[in-house]
Amino acid sequence: MDFKIIESNKGGKCLLLDDFKYRKFRVSISGNVVWRCYIKNCTSTVTTCSQLKNILKINNTHKHKQVETVKIQIQEVRNVCKRKACNDIHERPRKKIRKEVSSIENSEVIGSNDVNLIRKSIYNERRKLLPTLPKSLEGALNFVSNSDILTWQNEKRWASGCRSAVQ
Ligand SMILES: [Zn+2]
């Protein structure tokens, strides 16, 4: 049985089988994992062993279309880009996306719209790593005095210097 576990958009796991997508539903007492179809109201489930290596049971009742392969590929590219974007904060997103997109087969199906969405999610992900920007001058000064940045002479005095310079 050919199935795949990929990262979901929210950072969890999802299971792909025959182009149907499942989300983790529950873990049974024995440790087996039950996955449920992503489509609301669809009761199809797949049960895997706790190591997610084998499928033990399939309850296939889908009455809807499969997920388009390209959508799954885009999701995977997006997850990879998001993860790598945070590891290497200085590489430009466009370059990174191009690299990832070109690594998949029939990459021409990924349009500029998709690339823009991926880029947006990279920026969102990076923003989470940065402190929130102060909204006022006072906030900025407080931020500076509370930060651990020192001058080249290992002094922290510059923070109070900032304050007197603007007041
Ligand atoms: Zn379904």
# chains A, B, ... in the order shown; residues from 1 in each chain; ligands from 1

$ closest_atom_pairs --of "chain A" --to "ligand 1" --cutoff "12 Å" --atoms "only C-alpha atoms and all ligand atoms" --output "tab-separated table"
residue	atom	partner	partner_atom_place_in_ligand_line	distance
A:Leu16	CA	ligand 1	1 (Zn)	11.3
A:Leu17	CA	ligand 1	1 (Zn)	10.8
A:Asp18	CA	ligand 1	1 (Zn)	11.0
A:Asp19	CA	ligand 1	1 (Zn)	10.2
A:Phe20	CA	ligand 1	1 (Zn)	6.7
A:Lys21	CA	ligand 1	1 (Zn)	7.6
A:Tyr22	CA	ligand 1	1 (Zn)	7.9
A:Arg23	CA	ligand 1	1 (Zn)	10.7
A:Trp35	CA	ligand 1	1 (Zn)	10.9
A:Arg36	CA	ligand 1	1 (Zn)	7.9
A:Cys37	CA	ligand 1	1 (Zn)	4.6
A:Tyr38	CA	ligand 1	1 (Zn)	6.5
A:Ile39	CA	ligand 1	1 (Zn)	5.4
A:Lys40	CA	ligand 1	1 (Zn)	7.9
A:Asn41	CA	ligand 1	1 (Zn)	8.0
A:Cys42	CA	ligand 1	1 (Zn)	4.6
A:Thr43	CA	ligand 1	1 (Zn)	6.6
A:Ser44	CA	ligand 1	1 (Zn)	5.4
A:Thr45	CA	ligand 1	1 (Zn)	8.1
A:Val46	CA	ligand 1	1 (Zn)	10.5
A:Ile58	CA	ligand 1	1 (Zn)	11.6
A:Asn59	CA	ligand 1	1 (Zn)	9.9
A:Asn60	CA	ligand 1	1 (Zn)	7.7
A:Thr61	CA	ligand 1	1 (Zn)	6.7
A:His62	CA	ligand 1	1 (Zn)	4.0
A:Lys63	CA	ligand 1	1 (Zn)	6.5
A:His64	CA	ligand 1	1 (Zn)	6.3
A:Lys65	CA	ligand 1	1 (Zn)	8.1
A:Gln66	CA	ligand 1	1 (Zn)	7.9
A:Val67	CA	ligand 1	1 (Zn)	9.6

$ select_by_dssp --residues "region 36-129 of chain A" --states "strand (DSSP E)" --output "PyMOL selection string"
chain A and resi 36-37+45-48+55-59

$ write_last_selection --atoms "C-alpha atoms" --output "tab-separated table (two decimals), in the first residue's frame"
chain	number	residue	atom	x	y	z
A	36	ARG	CA	-9.78	10.72	9.01
A	37	CYS	CA	-10.48	12.20	5.60
A	45	THR	CA	-10.67	6.51	7.86
A	46	VAL	CA	-7.29	4.85	7.61
A	47	THR	CA	-5.60	3.13	10.52
A	48	THR	CA	-1.82	2.89	10.70
A	55	ILE	CA	-1.60	0.62	7.00
A	56	LEU	CA	-3.69	-1.78	9.05
A	57	LYS	CA	-7.20	-0.89	7.99
A	58	ILE	CA	-8.94	1.22	5.38
A	59	ASN	CA	-12.52	2.31	5.65

$ closest_residue --among "A:Val27, A:Arg126, A:Arg78, A:Ser112" --to "His90 (chain A)" --atoms "only C-alpha atoms"
A:Arg126

$ residues_around --residues "Asn116 (chain A)" --least-positions-apart "5" --cutoff "10 Å" --atoms "only C-alpha atoms" --output "list of chain:residue names"
A:Pro93, A:Arg94, A:Ile97, A:Gly111, A:Ser121, A:Ile122

$ closest_residue --among "A:Asp148, A:Asn142, A:Glu91, A:Val34" --to "Ser160 (chain A)" --atoms "only C-alpha atoms"
A:Asn142

$ closest_residue --among "A:Cys86, A:Val80, A:Cys14, A:Val33" --to "Leu129 (chain A)" --atoms "only C-alpha atoms"
A:Cys86

$ closest_residue --among "A:Lys135, A:Gln51, A:Ser147, A:Ala85" --to "Lys120 (chain A)" --atoms "only C-alpha atoms"
A:Ala85

$ residues_around --residues "Gln75 (chain A)" --least-positions-apart "3" --cutoff "9 Å" --atoms "only C-alpha atoms" --output "ChimeraX atom specification"
/A:6-9,70-72,78-80,118

$ closest_residue --among "A:Asp88, A:Ile74, A:Gln153, A:Asn32" --to "Lys53 (chain A)" --atoms "only C-alpha atoms"
A:Asn32

$ atom_distance --atom1 "CA of Lys84 (chain A)" --atom2 "CA of Arg119 (chain A)"
12.2 Å

$ select_by_dssp --residues "chain A" --states "alpha helix (DSSP H)" --output "number ranges by chain"
A: 69-87, 93-102, 112-127, 137-146, 158-166

$ write_last_selection --atoms "C-alpha atoms" --output "PDB file, in the first residue's frame"
ATOM      1  CA  THR A  69      -1.747  16.050  -7.010  1.00  0.00           C
ATOM      2  CA  VAL A  70      -0.499  19.512  -7.818  1.00  0.00           C
ATOM      3  CA  LYS A  71      -2.127  20.896  -4.676  1.00  0.00           C
ATOM      4  CA  ILE A  72      -0.308  18.348  -2.595  1.00  0.00           C
ATOM      5  CA  GLN A  73       2.971  19.174  -4.304  1.00  0.00           C
ATOM      6  CA  ILE A  74       2.456  22.852  -3.633  1.00  0.00           C
ATOM      7  CA  GLN A  75       1.759  22.099  -0.002  1.00  0.00           C
ATOM      8  CA  GLU A  76       4.965  20.124   0.267  1.00  0.00           C
ATOM      9  CA  VAL A  77       7.022  22.826  -1.395  1.00  0.00           C
ATOM     10  CA  ARG A  78       5.481  25.387   0.900  1.00  0.00           C
ATOM     11  CA  ASN A  79       6.328  23.389   4.002  1.00  0.00           C
ATOM     12  CA  VAL A  80       9.898  22.812   2.910  1.00  0.00           C
ATOM     13  CA  CYS A  81      10.339  26.490   2.054  1.00  0.00           C
ATOM     14  CA  LYS A  82       8.861  27.576   5.355  1.00  0.00           C
ATOM     15  CA  ARG A  83      11.185  25.354   7.306  1.00  0.00           C
ATOM     16  CA  LYS A  84      14.273  26.279   5.355  1.00  0.00           C
ATOM     17  CA  ALA A  85      13.387  29.947   5.409  1.00  0.00           C
ATOM     18  CA  CYS A  86      13.694  29.973   9.155  1.00  0.00           C
ATOM     19  CA  ASN A  87      16.962  28.066   9.146  1.00  0.00           C
ATOM     20  CA  PRO A  93      12.528  33.743  -0.680  1.00  0.00           C
ATOM     21  CA  ARG A  94      12.206  33.853  -4.456  1.00  0.00           C
ATOM     22  CA  LYS A  95      15.491  32.024  -4.906  1.00  0.00           C
ATOM     23  CA  LYS A  96      14.558  29.436  -2.341  1.00  0.00           C
ATOM     24  CA  ILE A  97      11.142  28.814  -3.859  1.00  0.00           C
ATOM     25  CA  ARG A  98      12.575  28.472  -7.359  1.00  0.00           C
ATOM     26  CA  LYS A  99      15.020  25.883  -6.070  1.00  0.00           C
ATOM     27  CA  GLU A 100      12.306  23.848  -4.374  1.00  0.00           C
ATOM     28  CA  VAL A 101       9.815  24.124  -7.197  1.00  0.00           C
ATOM     29  CA  SER A 102      12.362  22.966  -9.748  1.00  0.00           C
ATOM     30  CA  SER A 112       3.063  32.532 -10.168  1.00  0.00           C
ATOM     31  CA  ASN A 113       0.050  32.784  -7.940  1.00  0.00           C
ATOM     32  CA  ASP A 114       1.169  29.741  -5.998  1.00  0.00           C
ATOM     33  CA  VAL A 115       4.686  31.115  -5.770  1.00  0.00           C
ATOM     34  CA  ASN A 116       3.322  34.344  -4.342  1.00  0.00           C
ATOM     35  CA  LEU A 117       1.386  32.447  -1.712  1.00  0.00           C
ATOM     36  CA  ILE A 118       4.455  30.435  -0.785  1.00  0.00           C
ATOM     37  CA  ARG A 119       6.466  33.624  -0.533  1.00  0.00           C
ATOM     38  CA  LYS A 120       3.857  35.147   1.729  1.00  0.00           C
ATOM     39  CA  SER A 121       3.960  32.168   4.047  1.00  0.00           C
ATOM     40  CA  ILE A 122       7.761  32.382   4.203  1.00  0.00           C
ATOM     41  CA  TYR A 123       7.520  36.005   5.309  1.00  0.00           C
ATOM     42  CA  ASN A 124       4.857  35.109   7.865  1.00  0.00           C
ATOM     43  CA  GLU A 125       7.022  32.343   9.215  1.00  0.00           C
ATOM     44  CA  ARG A 126      10.071  34.588   9.483  1.00  0.00           C
ATOM     45  CA  ARG A 127       8.098  37.309  11.158  1.00  0.00           C
ATOM     46  CA  LEU A 137       9.014  56.245  20.448  1.00  0.00           C
ATOM     47  CA  GLU A 138       8.768  55.348  24.108  1.00  0.00           C
ATOM     48  CA  GLY A 139       8.284  51.714  23.150  1.00  0.00           C
ATOM     49  CA  ALA A 140      11.335  51.841  20.924  1.00  0.00           C
ATOM     50  CA  LEU A 141      13.472  53.364  23.680  1.00  0.00           C
ATOM     51  CA  ASN A 142      12.311  50.752  26.151  1.00  0.00           C
ATOM     52  CA  PHE A 143      13.083  48.066  23.640  1.00  0.00           C
ATOM     53  CA  VAL A 144      16.600  49.422  23.212  1.00  0.00           C
ATOM     54  CA  SER A 145      17.279  49.640  26.953  1.00  0.00           C
ATOM     55  CA  ASN A 146      15.943  46.147  27.533  1.00  0.00           C
ATOM     56  CA  TRP A 158      24.401  53.681  24.209  1.00  0.00           C
ATOM     57  CA  ALA A 159      20.842  52.899  25.208  1.00  0.00           C
ATOM     58  CA  SER A 160      20.614  55.892  27.549  1.00  0.00           C
ATOM     59  CA  GLY A 161      22.449  57.871  24.864  1.00  0.00           C
ATOM     60  CA  CYS A 162      19.602  57.121  22.504  1.00  0.00           C
ATOM     61  CA  ARG A 163      17.109  58.378  25.029  1.00  0.00           C
ATOM     62  CA  SER A 164      18.828  61.699  25.667  1.00  0.00           C
ATOM     63  CA  ALA A 165      19.413  62.199  21.950  1.00  0.00           C
ATOM     64  CA  VAL A 166      15.720  62.159  21.150  1.00  0.00           C
TER      65      VAL A 166
END

$ atom_distance --atom1 "CA of Arg26 (chain A)" --atom2 "CA of Lys4 (chain A)"
17.9 Å

$ atom_distance --atom1 "CA of Phe25 (chain A)" --atom2 "CA of Lys128 (chain A)"
27.7 Å
